[in-house]
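Heads up: the structure comes next, in structure tokens.
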Amino acid sequence: MPRNTLRLAIALSLLATPLLSACGTGSAASDEKVVTVYSADGLKGEAGDGWYDRIFKDFEKQTGIKVEYVEGGSGEMVQRAAREKRNPQADVLVTLPPFIQQADGKGLLQKYAPKGSDQVSGADKGADATWTSVVNNYFGFIYSKKELKQAPKTWDELLEGTYKNKLQYSTPGVAGDGTAVLIKAMHDFGGQKPALDYLGRLQSNNVGPSASTGKLAPKVDKGELLVANGDVQMNFAQSRTMPNLGIWFPAKDGGRPTTFALPYAAGLVTDAPHTENGQKLLDFMLSQDAQRQVSEIGGGFSARKDVKATDGNAIALAKLMDGVEVFEPDWDDIGKNLTTYVDAWKSATGS
């Protein structure tokens, strides 16, 4: 080969190398020591002392993989993942029902059964192995122990003038716990119409929409709100630094207080940029060590049947749930008809 031709070939190859590296993101991305988590709020502590804070730190130390964390309402995180479907940015999605079912229905989750998922009850994981609960939890309400001598007992009490502009719940269809308000009301009042009739009347006391349930707790702790919605895990964890939070469960007049399981469910995102790292994080979340810390650090309930927590938090949580009737929503129906239910709620409340 002539010398000039050889020099030209070398020069062209050197110029081409950075270009090929920049375009060939598949292998480069998969080799990156990072994993991105899109998650509903509640598992990360206000003061860096939550379950996520501990396990992400331990995971990074054990694997060298850095966790990039993005937080928002359950519906918001699913919507974001859906917008990015052609170019996924997240590796792991953690959200509450019925949004995890929605994510599955939109093809946002790929099949992966994390190690230890065989110890998760069938109702707490997808039948097709696209998602698995990592922290069990229950829906609830909070009240201000600073301003109220005792918790309200019934839904009807919340209609009283005492709660005018002192009550707020997060937005159904956007926040998982907000959607839970609608689900529980439909159960307690015996159907969609009576539930929406009630929520329509309650609207005169409601401060207004909130995309995030977690932002309501500080307002209740300060006494700015008397009552808000939440969930047991998040509010129990928050009460460490917000001592005026009390957890309660509304009852229909003459009935028992009720709630339902509202687990944090995690899945591996379809075409995730760091699939192997996402798998490792899901395995780590369901490991026995991480699950033992769910109650002790996170204030929640282990997703694994073979982990029996005996710490002080676990005992307090069991006492809190004593006497509360736990029902099981029809998640298939809710997943299929959620948009219809939310639209009906908007119409009933003028939201």
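If you're wondering about the labels, chains in the structure tokens are A, B, ... by order shown, residues count from 1 in each chain, ligands from 1 in order shown.
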Check your understanding: So which residues of range 16-257 of chain A fall under helix (DSSP H, G or I) by DSSP, listed as a PyMOL selection string?
Key -> chain A and resi 16-23+25-31+51-63+74-83+99-105+117-119+122-124+156-159+161-163+176-188+192-202+217-222+232-238
Mind dumping a table of every range 217-276 of chain A residue within 9 Å of range 177-185 of chain A, with the nearest atom pair and its distance in Å to one decimal, using only C-alpha atoms, sorted by chain and rising number, as CSV?
residue,atom,partner,partner_atom,distance
A:Asn229,CA,A:Asp177,CA,6.9
A:Gly230,CA,A:Asp177,CA,5.9
A:Asp231,CA,A:Asp177,CA,6.9
A:Thr258,CA,A:Lys184,CA,7.9
A:Thr259,CA,A:Lys184,CA,7.0
A:Phe260,CA,A:Lys184,CA,7.8
A:Leu262,CA,A:Ala180,CA,8.2
Study note, to complete from the structure: Arg201 in chain A proximity check over A:Asp91, A:Asp332, A:Asp271, A:Asp156, using only C-alpha atoms: winner is A:Asp156
With range 59-70 of chain A as the partner and 9 Å as the cut-off, tabulate the residues of range 169-287 of chain A that qualify, each row holding the nearest pair of atoms and their distance in Å to one decimal, using only C-alpha atoms, sorted by chain and rising number, as a tab-separated table.
residue	atom	partner	partner_atom	distance
A:Asn277	CA	A:Ile65	CA	7.4
A:Lys280	CA	A:Thr63	CA	8.7
A:Leu281	CA	A:Phe59	CA	7.3
A:Phe284	CA	A:Phe59	CA	7.1
A:Met285	CA	A:Phe59	CA	8.9
Review point. To one decimal place, how far is CA of Gly299 in chain A from CA of Ser210 in chain A in Å?
Key: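 These atoms are spaced 23.4 Å apart.
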Point to revise | Among listed residues A:Ala237, A:Gln119, A:Arg54, A:Val294, nearest Asn136 in chain A (using only C-alpha atoms) | key: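 Closest to Asn136 in chain A, using only C-alpha atoms: A:Val294.
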**Study point:** Spatial neighbours of Tyr264 in chain A, max dist 8 Å, only C-alpha atoms, sep filter under 5 positions, as a list in words
**Key:** Val94, Thr95, Leu96, Pro97, Ser133, Val134, Val135, Asn136 and Asn137 of chain A
Please produce an output containing N, CA, C and O atoms for each residue in the selection, written as a tab-separated table (two decimals), in the first residue's frame.
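Output file selection-v3.tsv is given in full below:
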chain	number	residue	atom	x	y	z
A	94	VAL	N	-40.57	1.48	40.67
A	94	VAL	CA	-41.24	1.08	41.91
A	94	VAL	C	-42.46	1.97	42.09
A	94	VAL	O	-42.34	3.20	42.15
A	95	THR	N	-43.62	1.36	42.17
A	95	THR	CA	-44.85	2.14	42.29
A	95	THR	C	-45.92	1.32	42.99
A	95	THR	O	-45.73	0.13	43.25
A	96	LEU	N	-47.02	1.95	43.34
A	96	LEU	CA	-48.10	1.29	44.06
A	96	LEU	C	-49.16	0.77	43.11
A	96	LEU	O	-49.29	1.27	41.99
A	97	PRO	N	-49.96	-0.21	43.53
A	97	PRO	CA	-51.13	-0.59	42.75
A	97	PRO	C	-52.12	0.59	42.68
A	97	PRO	O	-52.19	1.36	43.65
A	133	SER	N	-43.64	-7.28	44.80
A	133	SER	CA	-43.64	-6.36	45.94
A	133	SER	C	-42.31	-6.45	46.68
A	133	SER	O	-41.78	-7.54	46.89
A	134	VAL	N	-41.78	-5.30	47.07
A	134	VAL	CA	-40.53	-5.28	47.83
A	134	VAL	C	-40.75	-4.78	49.25
A	134	VAL	O	-39.94	-5.06	50.14
A	135	VAL	N	-41.83	-4.03	49.46
A	135	VAL	CA	-42.22	-3.60	50.81
A	135	VAL	C	-43.73	-3.67	50.90
A	135	VAL	O	-44.44	-3.03	50.11
A	136	ASN	N	-44.25	-4.44	51.84
A	136	ASN	CA	-45.69	-4.47	52.04
A	136	ASN	C	-46.13	-3.27	52.87
A	136	ASN	O	-45.37	-2.75	53.70
A	137	ASN	N	-47.36	-2.86	52.68
A	137	ASN	CA	-47.81	-1.59	53.22
A	137	ASN	C	-49.34	-1.58	53.23
A	137	ASN	O	-49.97	-2.42	52.60
Check your understanding: Rounded to one decimal in Å, what is the spacing between CA of Lys33 in chain A and CA of Ile55 in chain A?
Key -> 16.5 Å
Point to revise | Distance query Lys193 in chain A at most 12 Å, only C-alpha atoms, self and fewer than 5 positions along chain excluded, as a list in words | key: Leu182, Ala185, Met186, His187, Asp188, Tyr198, Leu199, Gly200, Tyr341, Ala344, Trp345, Ser347 and Ala348 of chain A
How would the residues just picked look written out with N, CA and C atoms as a PDB file, in the first residue's frame?
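See out.pdb below for the written result:
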ATOM      1  N   LEU A 182     -60.014   6.915  46.771  1.00  0.00           N
ATOM      2  CA  LEU A 182     -61.152   6.568  45.928  1.00  0.00           C
ATOM      3  C   LEU A 182     -61.500   5.085  46.067  1.00  0.00           C
ATOM      4  N   ALA A 185     -63.058   4.452  49.553  1.00  0.00           N
ATOM      5  CA  ALA A 185     -64.409   5.023  49.626  1.00  0.00           C
ATOM      6  C   ALA A 185     -65.407   4.159  48.866  1.00  0.00           C
ATOM      7  N   MET A 186     -65.002   3.665  47.683  1.00  0.00           N
ATOM      8  CA  MET A 186     -65.893   2.806  46.897  1.00  0.00           C
ATOM      9  C   MET A 186     -66.212   1.517  47.660  1.00  0.00           C
ATOM     10  N   HIS A 187     -65.239   1.000  48.390  1.00  0.00           N
ATOM     11  CA  HIS A 187     -65.486  -0.198  49.197  1.00  0.00           C
ATOM     12  C   HIS A 187     -66.388   0.113  50.383  1.00  0.00           C
ATOM     13  N   ASP A 188     -66.032   1.143  51.139  1.00  0.00           N
ATOM     14  CA  ASP A 188     -66.742   1.439  52.385  1.00  0.00           C
ATOM     15  C   ASP A 188     -68.178   1.890  52.150  1.00  0.00           C
ATOM     16  N   TYR A 198     -70.294  11.089  48.369  1.00  0.00           N
ATOM     17  CA  TYR A 198     -69.613  11.508  49.607  1.00  0.00           C
ATOM     18  C   TYR A 198     -68.425  12.416  49.305  1.00  0.00           C
ATOM     19  N   LEU A 199     -67.556  12.008  48.380  1.00  0.00           N
ATOM     20  CA  LEU A 199     -66.367  12.803  48.075  1.00  0.00           C
ATOM     21  C   LEU A 199     -66.739  14.159  47.482  1.00  0.00           C
ATOM     22  N   GLY A 200     -67.867  14.220  46.797  1.00  0.00           N
ATOM     23  CA  GLY A 200     -68.358  15.499  46.307  1.00  0.00           C
ATOM     24  C   GLY A 200     -68.706  16.431  47.453  1.00  0.00           C
ATOM     25  N   TYR A 341     -62.954   5.772  36.506  1.00  0.00           N
ATOM     26  CA  TYR A 341     -63.200   6.127  37.907  1.00  0.00           C
ATOM     27  C   TYR A 341     -62.645   7.515  38.230  1.00  0.00           C
ATOM     28  N   ALA A 344     -64.787  10.208  36.697  1.00  0.00           N
ATOM     29  CA  ALA A 344     -66.014  10.362  37.469  1.00  0.00           C
ATOM     30  C   ALA A 344     -65.747  11.138  38.767  1.00  0.00           C
ATOM     31  N   TRP A 345     -64.582  10.884  39.374  1.00  0.00           N
ATOM     32  CA  TRP A 345     -64.188  11.622  40.582  1.00  0.00           C
ATOM     33  C   TRP A 345     -64.003  13.112  40.256  1.00  0.00           C
ATOM     34  N   SER A 347     -65.434  14.801  37.928  1.00  0.00           N
ATOM     35  CA  SER A 347     -66.754  15.376  37.690  1.00  0.00           C
ATOM     36  C   SER A 347     -67.492  15.616  39.003  1.00  0.00           C
ATOM     37  N   ALA A 348     -67.412  14.641  39.919  1.00  0.00           N
ATOM     38  CA  ALA A 348     -68.129  14.738  41.195  1.00  0.00           C
ATOM     39  C   ALA A 348     -67.579  15.833  42.088  1.00  0.00           C
TER      40      ALA A 348
END
**Study point:** Selected residue, from A:Asn337, A:Asn165, A:Gln233, A:Thr154, that lies nearest to Gly42 in chain A when counting only C-alpha atoms
**Key:** A:Gln233
Check your understanding: Between A:Leu286, A:Met234, A:Ser302, A:Asp197, which has the minimum distance to Pro114 in chain A (counting only C-alpha atoms)?
Key ->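 Among A:Leu286, A:Met234, A:Ser302, A:Asp197, it is A:Leu286 that comes nearest to Pro114 in chain A.
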Check your understanding: Gln89 in chain A: which residues within 10 Å, counting only C-alpha atoms, same-chain residues fewer than 6 positions away excluded, as a PyMOL selection string?
Key -> chain A and resi 35-38+80-81+269+271-274
Save out the residues we just selected, C-alpha atoms, as a short mmCIF file (atom, residue, chain, number, x, y, z; two decimals), in the first residue's frame.
data_model
loop_
_atom_site.label_atom_id
_atom_site.label_comp_id
_atom_site.auth_asym_id
_atom_site.auth_seq_id
_atom_site.Cartn_x
_atom_site.Cartn_y
_atom_site.Cartn_z
CA VAL A 35 -28.68 1.88 37.99
CA THR A 36 -31.56 4.34 37.72
CA VAL A 37 -34.66 3.95 39.90
CA TYR A 38 -37.98 5.68 39.27
CA ARG A 80 -42.69 9.40 32.69
CA ALA A 81 -41.58 5.85 31.91
CA VAL A 269 -38.05 -1.68 32.88
CA ASP A 271 -35.17 -2.36 27.34
CA ALA A 272 -33.58 -0.87 30.46
CA PRO A 273 -30.21 0.77 29.70
CA HIS A 274 -28.58 -1.18 32.56
#
Practice item. Find the residues near Gly255 in chain A: any atom within 12 Å, counting only C-alpha atoms, skip ones fewer than 6 places away on the same chain, and give them as a VMD selection string. Key: chain A and resid 153 to 155 188 to 189 249 323 to 325
With all heavy atoms retained, could you export that selection as a short mmCIF file (atom, residue, chain, number, x, y, z; two decimals), in the first residue's frame?
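Saved to part.cif:
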data_model
loop_
_atom_site.label_atom_id
_atom_site.label_comp_id
_atom_site.auth_asym_id
_atom_site.auth_seq_id
_atom_site.Cartn_x
_atom_site.Cartn_y
_atom_site.Cartn_z
N LYS A 153 -63.08 9.07 63.76
CA LYS A 153 -63.38 7.64 63.64
C LYS A 153 -64.06 7.31 62.33
O LYS A 153 -63.85 6.23 61.78
CB LYS A 153 -64.24 7.18 64.82
CG LYS A 153 -63.49 7.14 66.16
CD LYS A 153 -64.38 6.57 67.25
CE LYS A 153 -63.62 6.34 68.54
NZ LYS A 153 -62.99 7.55 69.08
N THR A 154 -64.90 8.22 61.83
CA THR A 154 -65.70 7.89 60.65
C THR A 154 -65.47 8.89 59.52
O THR A 154 -64.96 9.99 59.72
CB THR A 154 -67.20 7.90 60.99
OG1 THR A 154 -67.60 9.25 61.29
CG2 THR A 154 -67.50 7.00 62.18
N TRP A 155 -65.87 8.46 58.33
CA TRP A 155 -65.84 9.34 57.17
C TRP A 155 -66.69 10.58 57.41
O TRP A 155 -66.30 11.70 57.06
CB TRP A 155 -66.39 8.60 55.95
CG TRP A 155 -65.52 7.57 55.32
CD1 TRP A 155 -65.64 6.22 55.43
CD2 TRP A 155 -64.41 7.78 54.42
NE1 TRP A 155 -64.69 5.58 54.67
CE2 TRP A 155 -63.93 6.51 54.03
CE3 TRP A 155 -63.80 8.92 53.90
CZ2 TRP A 155 -62.86 6.35 53.16
CZ3 TRP A 155 -62.73 8.76 53.03
CH2 TRP A 155 -62.26 7.50 52.67
N ASP A 188 -66.03 1.14 51.14
CA ASP A 188 -66.74 1.44 52.38
C ASP A 188 -68.18 1.89 52.15
O ASP A 188 -69.08 1.56 52.93
CB ASP A 188 -66.00 2.51 53.18
CG ASP A 188 -64.71 2.00 53.80
OD1 ASP A 188 -64.38 0.81 53.60
OD2 ASP A 188 -64.01 2.78 54.47
N PHE A 189 -68.40 2.64 51.07
CA PHE A 189 -69.74 3.15 50.80
C PHE A 189 -70.56 2.22 49.90
O PHE A 189 -71.73 2.50 49.62
CB PHE A 189 -69.66 4.55 50.18
CG PHE A 189 -69.27 5.61 51.16
CD1 PHE A 189 -67.94 5.97 51.33
CD2 PHE A 189 -70.22 6.23 51.95
CE1 PHE A 189 -67.57 6.94 52.25
CE2 PHE A 189 -69.87 7.21 52.88
CZ PHE A 189 -68.54 7.57 53.03
N PHE A 249 -57.71 4.95 60.55
CA PHE A 249 -58.38 4.34 59.40
C PHE A 249 -59.87 4.68 59.48
O PHE A 249 -60.55 4.23 60.40
CB PHE A 249 -58.19 2.82 59.41
CG PHE A 249 -56.76 2.38 59.49
CD1 PHE A 249 -56.16 2.16 60.74
CD2 PHE A 249 -55.99 2.21 58.36
CE1 PHE A 249 -54.84 1.76 60.83
CE2 PHE A 249 -54.66 1.81 58.44
CZ PHE A 249 -54.09 1.59 59.67
N GLY A 323 -57.46 -4.99 64.95
CA GLY A 323 -58.86 -4.57 64.89
C GLY A 323 -59.26 -3.91 63.59
O GLY A 323 -60.42 -3.52 63.43
N VAL A 324 -58.32 -3.74 62.66
CA VAL A 324 -58.62 -3.10 61.38
C VAL A 324 -58.93 -4.19 60.34
O VAL A 324 -58.14 -5.12 60.17
CB VAL A 324 -57.44 -2.23 60.89
CG1 VAL A 324 -57.78 -1.57 59.55
CG2 VAL A 324 -57.09 -1.17 61.94
N GLU A 325 -60.06 -4.07 59.69
CA GLU A 325 -60.46 -5.04 58.67
C GLU A 325 -59.70 -4.78 57.38
O GLU A 325 -59.71 -3.66 56.86
CB GLU A 325 -61.96 -4.94 58.42
CG GLU A 325 -62.48 -5.87 57.34
CD GLU A 325 -63.94 -5.63 57.04
OE1 GLU A 325 -64.68 -5.18 57.93
OE2 GLU A 325 -64.35 -5.88 55.88
#
**Study point:** Among listed residues A:Leu317, A:Ala309, A:Val78, A:Ala47, nearest Phe99 in chain A (using only C-alpha atoms)
**Key:**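 Using only C-alpha atoms, Phe99 in chain A sits closest to A:Val78.
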Exercise for review: Enter the distance from CA of Asp124 in chain A to CA of Arg83 in chain A, in Å, rounded to one decimal.
Suggested key: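 So the answer is 26.5 Å.
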Exercise for review: as a PyMOL selection string, please: all residues of range 71-282 of chain A that backbone DSSP puts in strand (DSSP E or B).
Suggested key: chain A and resi 71-72+92-95+109-110+120+125+132-136+138-144+154+167-168+206+227-231+245-248+251+257-261+264-269
Practice item. May I ask which of the residues A:Lys111, A:Lys149, A:Arg304, A:Lys106 is the closest one to Asp128 in chain A, counting only C-alpha atoms? Key: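 Among the listed residues, A:Lys111 lies closest to Asp128 in chain A.
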Point to revise | Who sits within 9 Å of Gly223 in chain A, only C-alpha atoms, same chain under 3 positions skipped, as an MDAnalysis selection string | key: chainID A and resid 143:147 166 218:220 226 244
Output file for the residues above (C-alpha atoms, as an mmCIF file, in the first residue's frame):
data_model
loop_
_atom_site.group_PDB
_atom_site.id
_atom_site.type_symbol
_atom_site.label_atom_id
_atom_site.label_comp_id
_atom_site.auth_asym_id
_atom_site.auth_seq_id
_atom_site.Cartn_x
_atom_site.Cartn_y
_atom_site.Cartn_z
ATOM 1 C CA TYR A 143 -54.281 13.394 61.880
ATOM 2 C CA SER A 144 -52.632 16.152 63.889
ATOM 3 C CA LYS A 145 -52.068 15.013 67.476
ATOM 4 C CA LYS A 146 -51.068 18.599 68.161
ATOM 5 C CA GLU A 147 -54.499 19.996 67.282
ATOM 6 C CA LYS A 166 -57.969 21.790 57.208
ATOM 7 C CA PRO A 218 -45.265 18.029 57.329
ATOM 8 C CA LYS A 219 -48.419 20.163 57.104
ATOM 9 C CA VAL A 220 -50.258 17.808 59.450
ATOM 10 C CA LEU A 226 -55.889 18.438 60.716
ATOM 11 C CA ASN A 244 -47.448 15.044 65.884
#
